[in-house]
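This is run30.txt (compact mmCIF, C-alpha atoms and all ligand atoms).
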# COMPACT_ATOMS: atom_id res chain seq x y z
CA MET I 220 13.98 -5.21 8.62
CA ASN I 221 12.53 -4.09 5.26
CA ILE I 222 9.14 -5.58 4.38
CA ILE I 223 7.14 -5.13 1.17
CA LEU I 224 3.34 -5.36 1.30
CA LEU I 225 2.37 -6.66 -2.14
CA GLY I 226 -1.18 -7.10 -3.35
CA PRO I 227 -3.96 -5.75 -5.55
CA PRO I 228 -5.90 -2.56 -4.78
CA GLY I 229 -8.17 -3.16 -1.79
CA ALA I 230 -6.27 -6.24 -0.63
CA GLY I 231 -5.81 -4.73 2.83
CA LYS I 232 -2.21 -3.45 2.62
CA GLY I 233 -3.06 -0.13 4.27
CA THR I 234 -5.18 -1.84 6.94
CA LEU I 235 -2.39 -4.26 7.92
CA SER I 236 0.18 -1.48 7.74
CA SER I 237 -1.80 0.64 10.16
CA LYS I 238 -2.04 -2.28 12.67
CA ILE I 239 1.70 -2.95 12.43
CA LEU I 240 2.48 0.75 12.96
CA LYS I 241 0.29 0.77 16.09
CA GLU I 242 1.69 -2.42 17.62
CA LYS I 243 5.32 -2.64 16.54
CA ASN I 244 8.42 -0.52 16.14
CA ALA I 245 7.70 0.30 12.50
CA VAL I 246 7.68 3.11 9.96
CA GLN I 247 6.20 3.07 6.48
CA ILE I 248 6.64 4.34 2.96
CA ALA I 249 3.18 4.35 1.35
CA THR I 250 3.64 5.82 -2.12
CA GLY I 251 -0.11 6.34 -2.71
CA ASP I 252 -0.41 8.31 0.56
CA ILE I 253 2.62 10.44 -0.31
CA PHE I 254 1.15 11.27 -3.72
CA ARG I 255 -2.26 12.12 -2.18
CA TYR I 256 -0.56 14.38 0.40
CA ASN I 257 1.23 16.19 -2.44
CA ILE I 258 -1.99 16.53 -4.44
CA SER I 259 -3.89 18.06 -1.54
CA ASN I 260 -1.00 20.46 -0.90
CA LYS I 261 -0.83 21.31 -4.62
CA THR I 262 2.92 20.66 -4.87
CA GLU I 263 4.67 20.23 -8.22
CA LEU I 264 4.89 16.45 -7.61
CA GLY I 265 1.18 16.37 -6.76
CA MET I 266 0.27 18.23 -9.97
CA LYS I 267 2.31 15.74 -12.01
CA ALA I 268 0.84 12.68 -10.26
CA LYS I 269 -2.83 13.69 -10.18
CA SER I 270 -3.98 12.81 -13.69
CA PHE I 271 -2.33 9.36 -13.54
CA MET I 272 -3.92 8.59 -10.19
CA ASP I 273 -7.38 9.84 -11.19
CA ARG I 274 -7.32 7.42 -14.14
CA GLY I 275 -5.94 4.59 -12.00
CA ASP I 276 -2.69 4.48 -14.00
CA LEU I 277 0.76 4.17 -12.44
CA VAL I 278 2.63 7.41 -11.80
CA PRO I 279 5.82 7.40 -13.96
CA ASP I 280 8.74 5.41 -12.49
CA GLU I 281 11.20 8.33 -12.58
CA LEU I 282 8.97 10.33 -10.18
CA THR I 283 8.17 7.35 -7.96
CA ILE I 284 11.62 5.80 -7.50
CA ASP I 285 13.33 9.10 -6.51
CA LEU I 286 10.50 9.82 -4.11
CA VAL I 287 10.94 6.44 -2.39
CA TRP I 288 14.68 6.87 -1.82
CA ASP I 289 14.26 10.43 -0.68
CA THR I 290 11.69 9.23 1.90
CA PHE I 291 13.68 6.12 2.91
CA ASP I 292 16.85 8.10 3.61
CA LYS I 293 14.98 10.57 5.83
CA LEU I 294 13.09 7.96 7.88
CA ASP I 295 13.74 7.95 11.62
CA LYS I 296 14.80 4.29 11.98
CA GLU I 297 16.96 2.26 14.34
CA GLU I 298 18.53 -1.13 13.67
CA ASN I 299 15.44 -3.11 14.72
CA THR I 300 12.84 -0.82 13.12
CA ILE I 301 10.55 -2.46 10.56
CA VAL I 302 10.34 -0.40 7.35
CA LEU I 303 7.11 -1.19 5.49
CA PHE I 304 6.89 -0.57 1.76
CA ASP I 305 3.15 -0.21 1.05
CA GLY I 306 2.39 0.09 -2.68
CA PHE I 307 6.00 -0.01 -3.87
CA PRO I 308 7.37 -1.66 -5.99
CA ARG I 309 4.58 -1.99 -8.54
CA ASN I 310 6.46 -3.18 -11.61
CA MET I 311 9.72 -4.92 -12.49
CA LYS I 312 11.62 -1.65 -13.06
CA GLN I 313 10.72 -0.44 -9.55
CA ALA I 314 11.62 -3.84 -8.05
CA LYS I 315 15.07 -3.79 -9.68
CA ALA I 316 15.63 -0.17 -8.58
CA LEU I 317 14.69 -1.20 -5.05
CA ASP I 318 17.19 -4.10 -5.05
CA CYS I 319 19.90 -1.82 -6.39
CA GLY I 320 19.27 0.98 -3.87
CA MET I 321 19.13 -1.51 -0.98
CA GLU I 322 22.51 -2.93 -2.02
CA GLU I 323 24.01 0.57 -2.18
CA ARG I 324 22.82 1.09 1.41
CA ASN I 325 24.17 -2.30 2.60
CA THR I 326 20.73 -3.60 3.43
CA GLU I 327 18.10 -5.77 1.74
CA ILE I 328 14.42 -6.66 1.50
CA SER I 329 13.78 -9.22 4.26
CA LYS I 330 10.28 -10.43 3.37
CA VAL I 331 7.51 -9.75 0.87
CA VAL I 332 3.98 -10.21 2.18
CA TYR I 333 1.65 -11.11 -0.68
CA PHE I 334 -2.13 -10.71 -0.11
CA ASN I 335 -4.12 -13.30 -2.01
CA VAL I 336 -7.70 -11.98 -2.55
CA ASP I 337 -10.43 -12.63 -5.12
CA SER I 338 -11.17 -9.65 -7.42
CA GLN I 339 -14.92 -9.46 -6.61
CA ILE I 340 -14.03 -8.91 -2.94
CA LEU I 341 -11.60 -6.16 -4.00
CA ILE I 342 -14.23 -4.18 -5.91
CA ASP I 343 -16.67 -4.37 -2.99
CA ARG I 344 -14.01 -3.26 -0.52
CA ILE I 345 -12.75 -0.35 -2.59
CA THR I 346 -16.07 1.11 -3.69
CA GLY I 347 -17.24 0.95 -0.03
CA ARG I 348 -14.07 2.43 1.44
CA ARG I 349 -14.16 5.79 3.24
CA VAL I 350 -11.00 7.51 4.47
CA CYS I 351 -10.13 10.29 6.88
CA PRO I 352 -8.19 12.99 4.99
CA ASP I 353 -6.82 14.33 8.29
CA CYS I 354 -5.27 11.24 9.91
CA GLY I 355 -5.47 8.61 7.13
CA GLU I 356 -7.66 6.11 9.06
CA THR I 357 -9.64 3.80 6.74
CA TYR I 358 -13.25 2.61 7.12
CA HIS I 359 -15.82 0.66 5.09
CA ILE I 360 -19.53 1.42 4.73
CA LYS I 361 -20.50 -2.18 5.59
CA ASN I 362 -17.72 -4.03 7.38
CA HIS I 363 -15.85 -1.30 9.28
CA LYS I 364 -18.22 1.52 10.13
CA PRO I 365 -17.15 4.47 12.27
CA GLU I 366 -19.12 4.93 15.52
CA LYS I 367 -20.68 8.14 14.16
CA GLU I 368 -21.57 8.01 10.46
CA GLY I 369 -19.18 10.00 8.27
CA ILE I 370 -16.89 10.97 11.18
CA CYS I 371 -13.46 9.54 11.98
CA ASP I 372 -13.34 7.71 15.34
CA ARG I 373 -9.68 8.57 15.80
CA CYS I 374 -9.55 12.32 15.12
CA GLY I 375 -13.10 13.53 14.40
CA GLY I 376 -12.26 14.37 10.76
CA LYS I 377 -14.97 14.24 8.05
CA LEU I 378 -14.67 11.00 6.06
CA ILE I 379 -14.40 11.16 2.26
CA GLN I 380 -14.31 8.76 -0.69
CA ARG I 381 -11.02 8.72 -2.61
CA ASN I 382 -11.19 10.14 -6.18
CA ASP I 383 -9.94 6.83 -7.60
CA ASP I 384 -12.35 4.62 -5.64
CA ASN I 385 -15.10 4.53 -8.27
CA TYR I 386 -16.05 1.39 -10.21
CA GLU I 387 -14.42 2.30 -13.59
CA THR I 388 -11.11 3.42 -12.09
CA VAL I 389 -10.98 0.40 -9.80
CA LYS I 390 -11.34 -1.91 -12.81
CA ASN I 391 -8.38 -0.15 -14.49
CA ARG I 392 -6.31 -0.36 -11.27
CA ILE I 393 -6.97 -4.09 -11.03
CA ASN I 394 -6.03 -4.59 -14.73
CA ILE I 395 -2.80 -2.67 -14.22
CA TYR I 396 -2.06 -4.73 -11.12
CA ASN I 397 -2.58 -7.98 -13.09
CA GLU I 398 -0.39 -6.83 -15.99
CA GLN I 399 2.43 -4.98 -14.27
CA THR I 400 2.51 -5.82 -10.56
CA SER I 401 1.54 -9.50 -10.32
CA PRO I 402 4.77 -10.71 -12.06
CA LEU I 403 6.54 -9.57 -8.88
CA ILE I 404 4.95 -12.50 -7.01
CA ASP I 405 7.18 -14.97 -8.91
CA TYR I 406 10.15 -12.60 -8.75
CA TYR I 407 10.09 -12.60 -4.93
CA LYS I 408 9.10 -16.28 -4.71
CA GLU I 409 12.24 -17.18 -6.67
CA ALA I 410 14.27 -14.97 -4.33
CA GLY I 411 12.87 -17.02 -1.39
CA LYS I 412 11.27 -13.95 0.20
CA LEU I 413 7.58 -14.43 -0.40
CA ILE I 414 5.05 -15.00 2.41
CA THR I 415 1.47 -15.53 1.21
CA ILE I 416 -1.42 -14.33 3.37
CA ASP I 417 -5.12 -15.03 2.87
CA GLY I 418 -6.34 -11.44 2.46
CA ALA I 419 -10.01 -12.50 2.45
CA LYS I 420 -9.87 -13.13 6.20
CA THR I 421 -10.76 -10.48 8.80
CA PRO I 422 -8.17 -7.75 9.53
CA GLU I 423 -7.40 -9.39 12.92
CA GLU I 424 -6.85 -12.80 11.29
CA VAL I 425 -4.65 -11.19 8.64
CA PHE I 426 -2.56 -9.53 11.36
CA ASN I 427 -2.22 -12.85 13.25
CA GLU I 428 -1.21 -14.67 10.07
CA PHE I 429 1.36 -11.95 9.38
CA ASN I 430 2.85 -12.35 12.88
CA ASN I 431 2.89 -16.15 12.69
CA LYS I 432 4.43 -16.34 9.24
CA LEU I 433 7.00 -13.63 9.92
CA GLY I 434 8.16 -15.62 12.94
CA GLU I 435 8.66 -18.82 10.91
P1 LIG J 501 -2.41 3.21 -3.37
O1 LIG J 501 -2.84 4.26 -2.47
O2 LIG J 501 -1.17 2.44 -3.06
O3 LIG J 501 -3.64 2.25 -3.61
P2 LIG J 501 -3.74 0.70 -3.94
O4 LIG J 501 -2.49 -0.09 -4.04
O5 LIG J 501 -4.62 0.68 -5.13
O6 LIG J 501 -4.27 0.11 -2.67
P3 LIG J 501 -5.49 0.58 -1.88
O7 LIG J 501 -5.11 1.71 -0.96
O8 LIG J 501 -6.66 0.80 -2.77
O9 LIG J 501 -5.81 -0.76 -1.07
P4 LIG J 501 -5.17 -1.42 0.21
O10 LIG J 501 -4.61 -2.73 -0.18
O11 LIG J 501 -4.28 -0.49 0.99
O12 LIG J 501 -6.51 -1.69 1.01
P5 LIG J 501 -7.07 -1.04 2.35
O13 LIG J 501 -6.34 -1.60 3.53
O14 LIG J 501 -7.19 0.44 2.25
O15 LIG J 501 -2.17 3.78 -4.85
C1 LIG J 501 -3.10 4.68 -5.44
C2 LIG J 501 -2.52 5.20 -6.76
O16 LIG J 501 -1.27 5.89 -6.51
C3 LIG J 501 -2.17 4.14 -7.82
O17 LIG J 501 -3.31 3.76 -8.58
C4 LIG J 501 -1.12 4.89 -8.63
O18 LIG J 501 -1.73 5.81 -9.50
C5 LIG J 501 -0.35 5.67 -7.57
N1 LIG J 501 0.80 4.90 -7.06
C6 LIG J 501 0.97 4.46 -5.79
N2 LIG J 501 2.12 3.79 -5.67
C7 LIG J 501 2.70 3.80 -6.90
C8 LIG J 501 3.89 3.25 -7.43
N3 LIG J 501 4.73 2.53 -6.66
N4 LIG J 501 4.18 3.46 -8.73
C9 LIG J 501 3.36 4.17 -9.53
N5 LIG J 501 2.19 4.70 -9.09
C10 LIG J 501 1.86 4.52 -7.79
O19 LIG J 501 -8.55 -1.69 2.36
C11 LIG J 501 -9.51 -1.37 1.39
C12 LIG J 501 -10.92 -1.43 2.04
O20 LIG J 501 -11.20 -2.76 2.46
C13 LIG J 501 -11.08 -0.56 3.29
O21 LIG J 501 -12.37 -0.02 3.31
C14 LIG J 501 -10.87 -1.52 4.46
O22 LIG J 501 -11.59 -1.12 5.61
C15 LIG J 501 -11.41 -2.82 3.89
N6 LIG J 501 -10.63 -3.98 4.35
C16 LIG J 501 -9.28 -4.08 4.40
N7 LIG J 501 -8.91 -5.30 4.85
C17 LIG J 501 -10.07 -5.98 5.08
C18 LIG J 501 -10.35 -7.29 5.54
N8 LIG J 501 -9.37 -8.15 5.87
N9 LIG J 501 -11.65 -7.68 5.63
C19 LIG J 501 -12.65 -6.82 5.30
N10 LIG J 501 -12.45 -5.56 4.87
C20 LIG J 501 -11.16 -5.14 4.76
Could the structure of this file be written out as structure tokens, please?
Amino acid sequence: MNIILLGPPGAGKGTLSSKILKEKNAVQIATGDIFRYNISNKTELGMKAKSFMDRGDLVPDELTIDLVWDTFDKLDKEENTIVLFDGFPRNMKQAKALDCGMEERNTEISKVVYFNVDSQILIDRITGRRVCPDCGETYHIKNHKPEKEGICDRCGGKLIQRNDDNYETVKNRINIYNEQTSPLIDYYKEAGKLITIDGAKTPEEVFNEFNNKLGE
């Protein structure tokens, strides 16, 4: 089962993804995480992606699409494994490339989970987000604090703020989402694949809504 998590920055895609990975037979392709891993390891891909990400712009399609297929083909997945696409596709060209590649592999996108969230909530969530660079766990300075300030509950790593989680960059990321990514909502609605989730609810409620709607 191939599921896309579609929504603006800070909508809660990573948070839901992490719950699904813990509780279900699932694997994920999170393009933002893959780029950040490459940046911290100073790979050629990381060097190419860094300036786009620091500005909040999209990394060029030719780098992103190849990366997704390379990752997809290497995933350890069985027939009933859920493959989560977190942060991909982000524009029409990527969506068409995804359809095409799925067809070549005799599979398809099963559902697209769209997170509906107001933009003021997004800014508050993103500017308050803290992440663990070691295990990827996500926190928030107000609504999801770690037990010990600045330290990851899961692995003891030192929490950091992402380079692109400042106010100016977030505004650009939201603009880019509105211009380039939001047309995908209608694209997948017309394909009969869209499930809409109220992303303003708590993470537990979002997870329950995901389970209920996926079962429908
Ligand atoms: P990426 O890493 O994908 O970032 P994003 O899409 O901007 O999404 P975020 O990670 O900011 O938000 P999220 O929805 O995962 O929210 P989260 O669960 O963490 O992309 C980064 C960059 O990489 C892009 O700008 C681009 O440059 C590049 N890139 C990536 N993919 C690309 C592609 N396909 N093509 C081209 N370029 C690409 O939650 C956020 C905060 O809110 C956390 O603190 C969390 O604790 C809190 N929170 C979450 N849910 C809730 C809730 N329900 N209630 C209260 N708080 C919540």
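Between I:Ile340 and the residues I:Leu413, I:Val389, I:Val302, I:Leu378, the shortest atom-to-atom distance, using all atoms listed in the file, involves I:Val389.
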task: Using all atoms listed in the file, pick whichever of I:Tyr256, I:Phe271, I:Phe307, I:Phe334 has the shortest atom-to-atom distance to I:Pro422.
output: I:Phe334
If the box runs along x, y and z of the file and leaves 8 Å on each side of ligand LIG 501 (chain J), what are its centre and edge lengths in Å, one decimal, as lines of an AutoDock Vina configuration file?
center_x = -4.0
center_y = -1.1
center_z = -1.8
size_x = 33.4
size_y = 30.0
size_z = 31.4
query: If you count only C-alpha atoms, which residues fall within 12 Å of I:Glu323, apart from same-chain ones fewer than 6 positions away, as number ranges by chain?
result: I: 288, 292, 316-317
- request: Output the neighbourhood of ligand LIG 501 (chain J) as a PyMOL selection string, that is, all protein and nucleic acid residues with some atom at most 7 Å from the ligand, counting all atoms listed in the file.
  value: chain I and resi 226-235+249-252+254+271-272+275-280+283+305-309+344-345+347-349+357-359+362-363+392+418-422+425
task: Would you list the contacts of I:Asn221 as a VMD selection string, taking every protein, DNA or RNA residue within 6 Å and counting only C-alpha atoms, but skipping same-chain residues closer than 5 positions in sequence?
output: chain I and resid 301 to 302 328 to 329
message: For a cutoff of 7 Å around the file-coordinate point (7.3, 4.6, 5.2), which residues qualify once you count all atoms listed in the file? I'd like the result as a ChimeraX atom specification.
response: /I:246-249,291,302-304
Using only C-alpha atoms, please write the residues we just selected to a file, as a short mmCIF file (atom, residue, chain, number, x, y, z; two decimals), in the coordinates of the input.
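Generated output (result.cif):
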data_model
loop_
_atom_site.label_atom_id
_atom_site.label_comp_id
_atom_site.auth_asym_id
_atom_site.auth_seq_id
_atom_site.Cartn_x
_atom_site.Cartn_y
_atom_site.Cartn_z
CA VAL I 246 7.68 3.11 9.96
CA GLN I 247 6.20 3.07 6.48
CA ILE I 248 6.64 4.34 2.96
CA ALA I 249 3.18 4.35 1.35
CA PHE I 291 13.68 6.12 2.91
CA VAL I 302 10.34 -0.40 7.35
CA LEU I 303 7.11 -1.19 5.49
CA PHE I 304 6.89 -0.57 1.76
#
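Nearest to I:Leu224 of all the residues I:Arg255, I:Lys412, I:Lys364, I:Lys390 is I:Lys412, based on all atoms listed in the file.
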query: Hey, what's within 8 Å of I:Ile414 if we count only C-alpha atoms and toss same-chain stuff fewer than 2 positions away? As a ChimeraX atom specification, please?
result: /I:330-333,412,416,432-433
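Candidate residues I:Glu387, I:Asn325, I:Glu356, I:Lys261 were compared for distance to I:Cys374, and the nearest is I:Glu356, using only C-alpha atoms.
Take the candidates I:Glu298, I:Glu242, I:Asp353, I:Asp289 and check each one against I:Gly376 using only C-alpha atoms; the shortest distance goes to I:Asp353.
Computed from the coordinates, the atom CA of I:Asp318 to atom CA of I:Asp285 distance equals 13.8 Å.
Of note, atom CA of I:Arg274 and atom CA of I:Thr388 are spaced 5.9 Å apart.
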task: Using atom CA of I:Lys377 and atom CA of I:Cys354 as the two end points, give the distance in Å to one decimal.
output: 10.3 Å
- request: Go through I:Gln313, I:Thr300, I:Asn385, I:Gln380 and flag the residue nearest I:Lys243, using only C-alpha atoms for the distances.
  value: I:Thr300
